[in-house]
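> What follows is query-v2.cif; its format and atoms are mmCIF, C-alpha atoms and all ligand atoms; chains and numbers go by the auth columns.
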```cif
data_target
#
loop_
_atom_site.group_PDB
_atom_site.id
_atom_site.type_symbol
_atom_site.label_atom_id
_atom_site.label_comp_id
_atom_site.label_asym_id
_atom_site.label_seq_id
_atom_site.Cartn_x
_atom_site.Cartn_y
_atom_site.Cartn_z
_atom_site.B_iso_or_equiv
_atom_site.auth_seq_id
_atom_site.auth_asym_id
ATOM 1 C CA MET A 1 146.189 109.393 128.618 0.00 664 A
ATOM 2 C CA LYS A 2 148.715 107.235 126.772 0.00 665 A
ATOM 3 C CA LEU A 3 148.566 104.212 129.110 0.00 666 A
ATOM 4 C CA LEU A 4 144.779 104.033 128.752 0.00 667 A
ATOM 5 C CA GLN A 5 144.865 104.447 124.960 0.00 668 A
ATOM 6 C CA ASP A 6 147.421 101.629 124.730 0.00 669 A
ATOM 7 C CA LYS A 7 145.216 99.396 126.874 0.00 670 A
ATOM 8 C CA ILE A 8 142.169 100.180 124.711 0.00 671 A
ATOM 9 C CA MET A 9 144.152 99.325 121.562 0.00 672 A
ATOM 10 C CA GLN A 10 145.447 96.071 123.084 0.00 673 A
ATOM 11 C CA GLU A 11 142.337 94.804 124.854 0.00 674 A
ATOM 12 C CA GLY A 12 139.356 96.837 123.623 0.00 675 A
ATOM 13 C CA ILE A 13 137.015 95.325 121.037 0.00 676 A
ATOM 14 C CA ALA A 14 134.792 97.397 118.763 0.00 677 A
ATOM 15 C CA LEU A 15 131.550 95.426 118.844 0.00 678 A
ATOM 16 C CA SER A 16 129.974 97.706 116.249 0.00 679 A
ATOM 17 C CA ASP A 17 130.389 101.317 115.108 0.00 680 A
ATOM 18 C CA GLN A 18 128.652 102.282 118.382 0.00 681 A
ATOM 19 C CA VAL A 19 129.912 100.058 121.196 0.00 682 A
ATOM 20 C CA LEU A 20 133.399 99.463 122.586 0.00 683 A
ATOM 21 C CA LYS A 21 133.839 96.386 124.749 0.00 684 A
ATOM 22 C CA VAL A 22 136.388 96.844 127.525 0.00 685 A
ATOM 23 C CA ASP A 23 135.394 94.086 129.920 0.00 686 A
ATOM 24 C CA ALA A 24 139.022 92.919 130.116 0.00 687 A
ATOM 25 C CA PHE A 25 140.023 95.904 132.276 0.00 688 A
ATOM 26 C CA LEU A 26 137.039 98.129 133.166 0.00 689 A
ATOM 27 C CA ASN A 27 133.550 96.614 132.905 0.00 690 A
ATOM 28 C CA HIS A 28 134.006 93.095 134.265 0.00 691 A
ATOM 29 C CA GLN A 29 137.631 92.256 135.026 0.00 692 A
ATOM 30 C CA VAL A 30 139.318 95.344 136.479 0.00 693 A
ATOM 31 C CA ASP A 31 143.002 96.249 136.087 0.00 694 A
ATOM 32 C CA PRO A 32 143.925 97.781 139.472 0.00 695 A
ATOM 33 C CA VAL A 33 147.282 99.160 138.319 0.00 696 A
ATOM 34 C CA LEU A 34 145.592 101.004 135.463 0.00 697 A
ATOM 35 C CA MET A 35 142.819 102.187 137.831 0.00 698 A
ATOM 36 C CA ALA A 36 145.438 103.589 140.218 0.00 699 A
ATOM 37 C CA GLU A 37 146.998 105.572 137.350 0.00 700 A
ATOM 38 C CA ILE A 38 143.560 106.778 136.274 0.00 701 A
ATOM 39 C CA GLY A 39 142.912 107.937 139.841 0.00 702 A
ATOM 40 C CA LYS A 40 146.196 109.876 139.869 0.00 703 A
ATOM 41 C CA GLU A 41 145.398 111.503 136.538 0.00 704 A
ATOM 42 C CA PHE A 42 141.901 112.651 137.573 0.00 705 A
ATOM 43 C CA ALA A 43 143.249 113.870 140.923 0.00 706 A
ATOM 44 C CA ALA A 44 145.945 115.913 139.162 0.00 707 A
ATOM 45 C CA ARG A 45 143.416 117.463 136.778 0.00 708 A
ATOM 46 C CA PHE A 46 140.890 118.376 139.484 0.00 709 A
ATOM 47 C CA ARG A 47 143.034 118.984 142.587 0.00 710 A
ATOM 48 C CA ALA A 48 142.718 122.795 142.308 0.00 711 A
ATOM 49 C CA GLU A 49 138.909 122.497 142.478 0.00 712 A
ATOM 50 C CA ARG A 50 139.029 121.691 146.226 0.00 713 A
ATOM 51 C CA ILE A 51 136.788 118.655 145.784 0.00 714 A
ATOM 52 C CA THR A 52 135.003 117.510 148.956 0.00 715 A
ATOM 53 C CA LYS A 53 133.538 114.265 147.590 0.00 716 A
ATOM 54 C CA VAL A 54 133.544 112.057 144.504 0.00 717 A
ATOM 55 C CA LEU A 55 130.192 110.838 143.101 0.00 718 A
ATOM 56 C CA THR A 56 129.791 107.969 140.660 0.00 719 A
ATOM 57 C CA ILE A 57 127.104 105.460 139.664 0.00 720 A
ATOM 58 C CA GLU A 58 127.125 101.724 140.172 0.00 721 A
ATOM 59 C CA SER A 59 128.724 99.566 139.010 0.00 722 A
ATOM 60 C CA SER A 60 131.530 100.277 136.565 0.00 723 A
ATOM 61 C CA GLY A 61 132.176 103.826 137.753 0.00 724 A
ATOM 62 C CA ILE A 62 133.158 102.596 141.201 0.00 725 A
ATOM 63 C CA ALA A 63 136.703 101.409 140.452 0.00 726 A
ATOM 64 C CA PRO A 64 137.988 104.642 138.852 0.00 727 A
ATOM 65 C CA ALA A 65 136.015 106.758 141.351 0.00 728 A
ATOM 66 C CA VAL A 66 137.517 105.012 144.370 0.00 729 A
ATOM 67 C CA MET A 67 141.052 105.419 143.048 0.00 730 A
ATOM 68 C CA THR A 68 140.417 109.119 142.371 0.00 731 A
ATOM 69 C CA ALA A 69 138.955 109.672 145.839 0.00 732 A
ATOM 70 C CA LEU A 70 141.907 107.871 147.396 0.00 733 A
ATOM 71 C CA GLU A 71 144.285 110.319 145.698 0.00 734 A
ATOM 72 C CA LEU A 72 142.179 113.335 146.704 0.00 735 A
ATOM 73 C CA LYS A 73 141.693 111.921 150.236 0.00 736 A
ATOM 74 C CA VAL A 74 137.933 112.448 150.163 0.00 737 A
ATOM 75 C CA PRO A 75 134.972 110.034 150.432 0.00 738 A
ATOM 76 C CA VAL A 76 133.324 108.500 147.386 0.00 739 A
ATOM 77 C CA ILE A 77 129.588 107.849 146.956 0.00 740 A
ATOM 78 C CA TYR A 78 128.105 105.608 144.306 0.00 741 A
ATOM 79 C CA ALA A 79 124.561 106.390 143.278 0.00 742 A
ATOM 80 C CA ARG A 80 122.321 103.339 143.186 0.00 743 A
ATOM 81 C CA LYS A 81 120.190 102.322 140.241 0.00 744 A
ATOM 82 C CA ARG A 82 116.824 100.676 140.582 0.00 745 A
ATOM 83 C CA LYS A 83 113.853 100.117 138.346 0.00 746 A
ATOM 84 C CA SER A 84 111.016 100.514 140.841 0.00 747 A
ATOM 85 C CA LEU A 85 109.512 103.930 141.344 0.00 748 A
ATOM 86 C CA THR A 86 109.296 104.088 145.110 0.00 749 A
ATOM 87 C CA LEU A 87 109.416 107.661 146.301 0.00 750 A
ATOM 88 C CA ARG A 88 111.467 107.951 149.461 0.00 751 A
ATOM 89 C CA GLU A 89 112.035 111.206 151.232 0.00 752 A
ATOM 90 C CA ASP A 90 115.445 110.266 152.617 0.00 753 A
ATOM 91 C CA LEU A 91 116.839 109.976 149.057 0.00 754 A
ATOM 92 C CA TYR A 92 117.722 112.379 146.275 0.00 755 A
ATOM 93 C CA THR A 93 116.324 110.643 143.193 0.00 756 A
ATOM 94 C CA GLU A 94 116.481 111.379 139.460 0.00 757 A
ATOM 95 C CA LYS A 95 115.254 109.462 136.431 0.00 758 A
ATOM 96 C CA VAL A 96 117.920 108.528 133.883 0.00 759 A
ATOM 97 C CA TYR A 97 117.049 107.253 130.424 0.00 760 A
ATOM 98 C CA SER A 98 119.601 105.044 128.701 0.00 761 A
ATOM 99 C CA PHE A 99 119.498 105.253 124.906 0.00 762 A
ATOM 100 C CA THR A 100 121.995 102.357 124.726 0.00 763 A
ATOM 101 C CA LYS A 101 119.795 100.078 126.828 0.00 764 A
ATOM 102 C CA GLN A 102 116.462 101.728 125.922 0.00 765 A
ATOM 103 C CA GLU A 103 115.317 101.749 129.514 0.00 766 A
ATOM 104 C CA GLU A 104 114.675 104.253 132.234 0.00 767 A
ATOM 105 C CA SER A 105 116.066 103.753 135.683 0.00 768 A
ATOM 106 C CA GLU A 106 115.954 105.679 138.897 0.00 769 A
ATOM 107 C CA VAL A 107 119.240 106.824 140.335 0.00 770 A
ATOM 108 C CA SER A 108 119.427 107.777 143.969 0.00 771 A
ATOM 109 C CA VAL A 109 121.756 108.987 146.693 0.00 772 A
ATOM 110 C CA SER A 110 120.993 109.105 150.405 0.00 773 A
ATOM 111 C CA LYS A 111 120.546 112.560 151.890 0.00 774 A
ATOM 112 C CA LYS A 112 122.880 111.383 154.671 0.00 775 A
ATOM 113 C CA PHE A 113 125.921 111.667 152.421 0.00 776 A
ATOM 114 C CA LEU A 114 125.506 114.723 150.203 0.00 777 A
ATOM 115 C CA PHE A 115 125.292 118.246 151.638 0.00 778 A
ATOM 116 C CA ALA A 116 124.703 121.839 150.564 0.00 779 A
ATOM 117 C CA GLY A 117 127.937 123.682 149.840 0.00 780 A
ATOM 118 C CA GLU A 118 129.919 120.585 148.886 0.00 781 A
ATOM 119 C CA ARG A 119 132.170 120.599 145.797 0.00 782 A
ATOM 120 C CA ILE A 120 131.521 117.341 143.999 0.00 783 A
ATOM 121 C CA LEU A 121 133.554 115.598 141.302 0.00 784 A
ATOM 122 C CA ILE A 122 131.518 113.230 139.104 0.00 785 A
ATOM 123 C CA ILE A 123 133.468 110.227 137.785 0.00 786 A
ATOM 124 C CA ASP A 124 132.139 107.630 135.324 0.00 787 A
ATOM 125 C CA ASP A 125 133.539 104.898 133.124 0.00 788 A
ATOM 126 C CA PHE A 126 131.770 105.814 129.860 0.00 789 A
ATOM 127 C CA LEU A 127 130.227 108.932 128.399 0.00 790 A
ATOM 128 C CA ALA A 128 127.795 108.396 125.522 0.00 791 A
ATOM 129 C CA ASN A 129 124.681 110.575 125.508 0.00 792 A
ATOM 130 C CA GLY A 130 125.433 112.107 128.886 0.00 793 A
ATOM 131 C CA GLU A 131 122.214 110.989 130.547 0.00 794 A
ATOM 132 C CA ALA A 132 123.915 109.420 133.569 0.00 795 A
ATOM 133 C CA ALA A 133 126.176 112.447 134.128 0.00 796 A
ATOM 134 C CA PHE A 134 123.249 114.883 133.816 0.00 797 A
ATOM 135 C CA GLY A 135 121.268 112.763 136.297 0.00 798 A
ATOM 136 C CA LEU A 136 124.115 112.842 138.804 0.00 799 A
ATOM 137 C CA ALA A 137 124.500 116.595 138.273 0.00 800 A
ATOM 138 C CA ARG A 138 120.796 117.108 139.004 0.00 801 A
ATOM 139 C CA ILE A 139 121.156 115.104 142.226 0.00 802 A
ATOM 140 C CA ILE A 140 124.117 117.269 143.285 0.00 803 A
ATOM 141 C CA GLU A 141 122.147 120.428 142.502 0.00 804 A
ATOM 142 C CA GLN A 142 119.099 119.104 144.398 0.00 805 A
ATOM 143 C CA ALA A 143 121.343 118.862 147.451 0.00 806 A
ATOM 144 C CA GLY A 144 122.501 122.460 147.021 0.00 807 A
ATOM 145 C CA ALA A 145 126.021 121.284 146.239 0.00 808 A
ATOM 146 C CA THR A 146 128.202 122.248 143.244 0.00 809 A
ATOM 147 C CA VAL A 147 129.336 120.101 140.320 0.00 810 A
ATOM 148 C CA SER A 148 133.045 120.995 140.337 0.00 811 A
ATOM 149 C CA GLY A 149 133.942 118.753 137.427 0.00 812 A
ATOM 150 C CA ILE A 150 133.170 115.609 135.463 0.00 813 A
ATOM 151 C CA GLY A 151 135.887 113.013 134.881 0.00 814 A
ATOM 152 C CA ILE A 152 135.242 110.323 132.270 0.00 815 A
ATOM 153 C CA VAL A 153 137.466 107.328 131.569 0.00 816 A
ATOM 154 C CA ILE A 154 136.272 106.747 127.979 0.00 817 A
ATOM 155 C CA GLU A 155 134.226 109.321 126.054 0.00 818 A
ATOM 156 C CA LYS A 156 132.618 108.319 122.788 0.00 819 A
ATOM 157 C CA ALA A 157 133.191 111.707 121.151 0.00 820 A
ATOM 158 C CA PHE A 158 130.943 110.762 118.220 0.00 821 A
ATOM 159 C CA GLN A 159 127.979 110.747 120.609 0.00 822 A
ATOM 160 C CA PRO A 160 126.626 114.042 121.969 0.00 823 A
ATOM 161 C CA GLY A 161 127.093 113.728 125.754 0.00 824 A
ATOM 162 C CA GLY A 162 130.445 115.491 126.082 0.00 825 A
ATOM 163 C CA ASP A 163 129.425 118.502 124.010 0.00 826 A
ATOM 164 C CA LYS A 164 126.080 118.754 125.830 0.00 827 A
ATOM 165 C CA LEU A 165 127.746 118.720 129.257 0.00 828 A
ATOM 166 C CA ALA A 166 130.321 121.298 128.158 0.00 829 A
ATOM 167 C CA ALA A 167 127.558 123.483 126.692 0.00 830 A
ATOM 168 C CA ALA A 168 125.746 123.276 130.038 0.00 831 A
ATOM 169 C CA GLY A 169 128.852 124.804 131.619 0.00 832 A
ATOM 170 C CA TYR A 170 130.415 121.730 133.198 0.00 833 A
ATOM 171 C CA ARG A 171 134.145 121.081 133.001 0.00 834 A
ATOM 172 C CA VAL A 172 134.511 117.652 131.371 0.00 835 A
ATOM 173 C CA GLU A 173 137.854 115.826 131.402 0.00 836 A
ATOM 174 C CA SER A 174 137.964 112.565 129.432 0.00 837 A
ATOM 175 C CA LEU A 175 141.079 110.398 129.639 0.00 838 A
ATOM 176 C CA ALA A 176 140.413 108.755 126.275 0.00 839 A
ATOM 177 C CA ARG A 177 138.168 110.116 123.536 0.00 840 A
ATOM 178 C CA ILE A 178 137.004 107.827 120.757 0.00 841 A
ATOM 179 C CA ALA A 179 136.427 109.522 117.387 0.00 842 A
ATOM 180 C CA SER A 180 135.064 106.447 115.648 0.00 843 A
ATOM 181 C CA LEU A 181 134.658 102.697 115.902 0.00 844 A
ATOM 182 C CA GLY A 182 134.496 100.168 113.106 0.00 845 A
ATOM 183 C CA GLU A 183 135.109 96.509 112.471 0.00 846 A
ATOM 184 C CA GLY A 184 138.560 95.998 113.974 0.00 847 A
ATOM 185 C CA SER A 185 139.217 99.731 114.141 0.00 848 A
ATOM 186 C CA ILE A 186 139.363 102.170 117.036 0.00 849 A
ATOM 187 C CA VAL A 187 140.262 105.788 116.246 0.00 850 A
ATOM 188 C CA PHE A 188 141.024 108.317 118.978 0.00 851 A
ATOM 189 C CA ALA A 189 140.030 111.986 118.995 0.00 852 A
ATOM 190 C CA ASP A 190 142.123 114.805 120.434 0.00 853 A
ATOM 191 C CA GLU A 191 141.539 116.043 123.963 0.00 854 A
ATOM 192 C CA ARG A 192 138.680 118.469 124.471 0.00 855 A
ATOM 193 C CA GLN A 193 139.780 122.111 124.283 0.00 856 A
ATOM 194 C CA HIS A 194 138.633 124.236 127.198 0.00 857 A
HETATM 195 P P1 LIG B . 124.902 107.965 128.890 0.00 901 A
HETATM 196 O O1 LIG B . 124.702 107.913 130.366 0.00 901 A
HETATM 197 O O2 LIG B . 126.171 108.676 128.506 0.00 901 A
HETATM 198 O O3 LIG B . 123.690 108.531 128.173 0.00 901 A
HETATM 199 O O4 LIG B . 125.118 106.485 128.402 0.00 901 A
HETATM 200 P P2 LIG B . 124.089 105.293 128.119 0.00 901 A
HETATM 201 O O5 LIG B . 122.849 105.501 128.925 0.00 901 A
HETATM 202 O O6 LIG B . 123.973 105.158 126.675 0.00 901 A
HETATM 203 O O7 LIG B . 124.882 104.063 128.749 0.00 901 A
HETATM 204 C C1 LIG B . 124.211 102.983 129.387 0.00 901 A
HETATM 205 C C2 LIG B . 125.208 101.994 129.916 0.00 901 A
HETATM 206 O O8 LIG B . 126.032 101.536 128.847 0.00 901 A
HETATM 207 C C3 LIG B . 126.170 102.520 130.962 0.00 901 A
HETATM 208 O O9 LIG B . 126.557 101.443 131.782 0.00 901 A
HETATM 209 C C4 LIG B . 127.369 102.966 130.107 0.00 901 A
HETATM 210 O O10 LIG B . 128.551 102.999 130.856 0.00 901 A
HETATM 211 C C5 LIG B . 127.396 101.867 129.099 0.00 901 A
HETATM 212 N N1 LIG B . 127.987 102.197 127.802 0.00 901 A
HETATM 213 C C6 LIG B . 127.573 103.115 126.888 0.00 901 A
HETATM 214 N N2 LIG B . 128.313 103.022 125.778 0.00 901 A
HETATM 215 C C7 LIG B . 129.221 102.034 125.997 0.00 901 A
HETATM 216 C C8 LIG B . 130.247 101.455 125.195 0.00 901 A
HETATM 217 O O11 LIG B . 130.517 101.813 124.046 0.00 901 A
HETATM 218 N N3 LIG B . 130.952 100.447 125.776 0.00 901 A
HETATM 219 C C9 LIG B . 130.690 99.986 127.030 0.00 901 A
HETATM 220 N N4 LIG B . 131.465 98.995 127.492 0.00 901 A
HETATM 221 N N5 LIG B . 129.729 100.493 127.812 0.00 901 A
HETATM 222 C C10 LIG B . 128.998 101.513 127.276 0.00 901 A
HETATM 223 P P3 LIG B . 125.625 100.911 132.932 0.00 901 A
HETATM 224 O O12 LIG B . 124.385 100.352 132.388 0.00 901 A
HETATM 225 O O13 LIG B . 125.442 102.020 133.897 0.00 901 A
HETATM 226 O O14 LIG B . 126.384 99.691 133.506 0.00 901 A
HETATM 227 P P4 LIG B . 127.601 99.483 134.515 0.00 901 A
HETATM 228 O O15 LIG B . 128.666 98.883 133.675 0.00 901 A
HETATM 229 O O16 LIG B . 128.058 100.787 135.074 0.00 901 A
HETATM 230 O O17 LIG B . 127.053 98.608 135.562 0.00 901 A
HETATM 231 NA NA NA B . 129.130 100.873 132.111 0.00 902 A
HETATM 232 NA NA NA B . 128.836 103.728 134.177 0.00 903 A
#
```
Let me see the structure of the file written as structure tokens.


Amino acid sequence: MKLLQDKIMQEGIALSDQVLKVDAFLNHQVDPVLMAEIGKEFAARFRAERITKVLTIESSGIAPAVMTALELKVPVIYARKRKSLTLREDLYTEKVYSFTKQEESEVSVSKKFLFAGERILIIDDFLANGEAAFGLARIIEQAGATVSGIGIVIEKAFQPGGDKLAAAGYRVESLARIASLGEGSIVFADERQH
């Protein structure tokens, strides 16, 4: 997505060869005009999947997920993260390990909002190792619903998450794919071939 790539080039900062800082428009300050365009793009790519609900994870997935759900005219759920291990029977819960943060968290969604037979679109801001997306997929599958697609704003294509999700059979659409990061350099990769 050209608009997003331009924004990344203008306002993104490669903090290292691993981490891209985009707090000017996605992770802290949010650009609503860009988010609206991102929502339109995801909706166009997934409209034929007859999505019934969008699922994301707090906090930075919420902005692109809401704009996508608005376009598709369906509800959006954001999974909640917490550290404590309190088992609750009214929640679907999965453990997600973050290699970036080196910590495990529990991700959960209320059983009130996710039903068997639903066609769910997962949206997230970043894709690195794929742990968050796999955790959300497991929650959807626990509910007896279907993962109808995974939409990612920025995929770090040099990390394994995208390939692992595709190998698991999920359709992954990333609006920007980063091939490499370096001091003052951001290089994009081509779109994933289906
Ligand atoms: P994974 O799910 O793909 O395995 O990713 P990982 O655990 O490594 O990511 C942990 C957190 O770090 C996530 O945010 C993810 O969005 C973010 N992240 C990973 N790589 C980058 C990067 O290069 N740049 C930025 N800006 N973020 C990155 P989170 O902890 O869930 O926080 P939130 O922002 O959603 O609240
Ligand atoms: Na994030
Ligand atoms: Na996220």

> Enclose all atoms of region 794-812 of chain A listed in the file in an axis-aligned box, grow every side by 4 Å, and hand back centre and edge lengths in Å to one decimal, as JSON.


```
{"center_x": 126.5, "center_y": 115.9, "center_z": 139.0, "size_x": 22.8, "size_y": 21.0, "size_z": 24.9}
```

> If you count all atoms listed in the file, which residues end up within 7 Å of ligand LIG 901 (chain A), as an MDAnalysis selection string?

chainID A and resid 681:686 690 720:724 760:764 788:796 819 824

> Quick one: everything within 9 Å of region 780-784 of chain A, counting only C-alpha atoms, minus sequence neighbours fewer than 5 positions away in the same chain. Send it as a list in words.

Phe709, Glu712, Arg713, Ile714, Thr715, Lys716, Val717, Leu718, Thr719, Ile803, Ala806, Gly807, Ala808, Thr809, Val810, Ser811, Gly812, Ile813 and Gly814 of chain A

> Quick one: of A:Met730, A:Val770, A:Ile740, A:Ala677, who's nearest to Pro695 (chain A), counting only C-alpha atoms?

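Distance minimum relative to Pro695 (chain A) lands on A:Met730.
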
> Rounded to one decimal in Å, what is the spacing between CA of Val772 (chain A) and CA of Ala742 (chain A)?

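Rounded to one decimal, the two atoms are 5.1 Å apart.
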
> When you count only C-alpha atoms, which of these residues is closest to Lys774 (chain A): A:Ala699, A:Tyr755, A:Asp787, A:Arg801?

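Residue with the minimum atom-to-atom distance to Lys774 (chain A): A:Tyr755.
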
> When the PyMOL selection byres (((chain A and resi 753) around 7) and not hetatm) is applied to the file above, which residues end up in the set, as a list of chain:residue names?

A:Arg751, A:Glu752, A:Leu754, A:Ser773, A:Lys774

> Tell me which of A:Leu799, A:Ile815, A:Ala687, A:Leu828 sits closest to Ile671 (chain A), counting only C-alpha atoms.

A:Ala687

> From the list A:Glu836, A:Glu818, A:Glu854, A:Glu846, which residue is nearest ligand NA 902 (chain A) when using only C-alpha atoms and all ligand atoms?

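Among the listed residues, the smallest separation from ligand NA 902 (chain A) belongs to A:Glu818.
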
> So how many Å separate CA of Phe797 (chain A) and CA of Glu700 (chain A), to one decimal?

25.8 Å

> Could you tell me which of A:Leu678, A:Val729, A:Val759, A:Ile701 comes closest to Ala839 (chain A) if we count all atoms listed in the file?

A:Ile701

> Suppose you want the space between CA of His691 (chain A) and CA of Ala728 (chain A); what is it in Å?

15.5 Å

> So which one's closest to ligand NA 903 (chain A), A:Ala779, A:Leu735, A:Ala726, A:Leu667? Using all atoms listed in the file, please.

A:Ala726

> Quick one: everything within 9 Å of Arg855 (chain A), counting all atoms listed in the file, minus sequence neighbours fewer than 6 positions away in the same chain. Send it as a PyMOL selection string.

chain A and resi 825+835-837+840
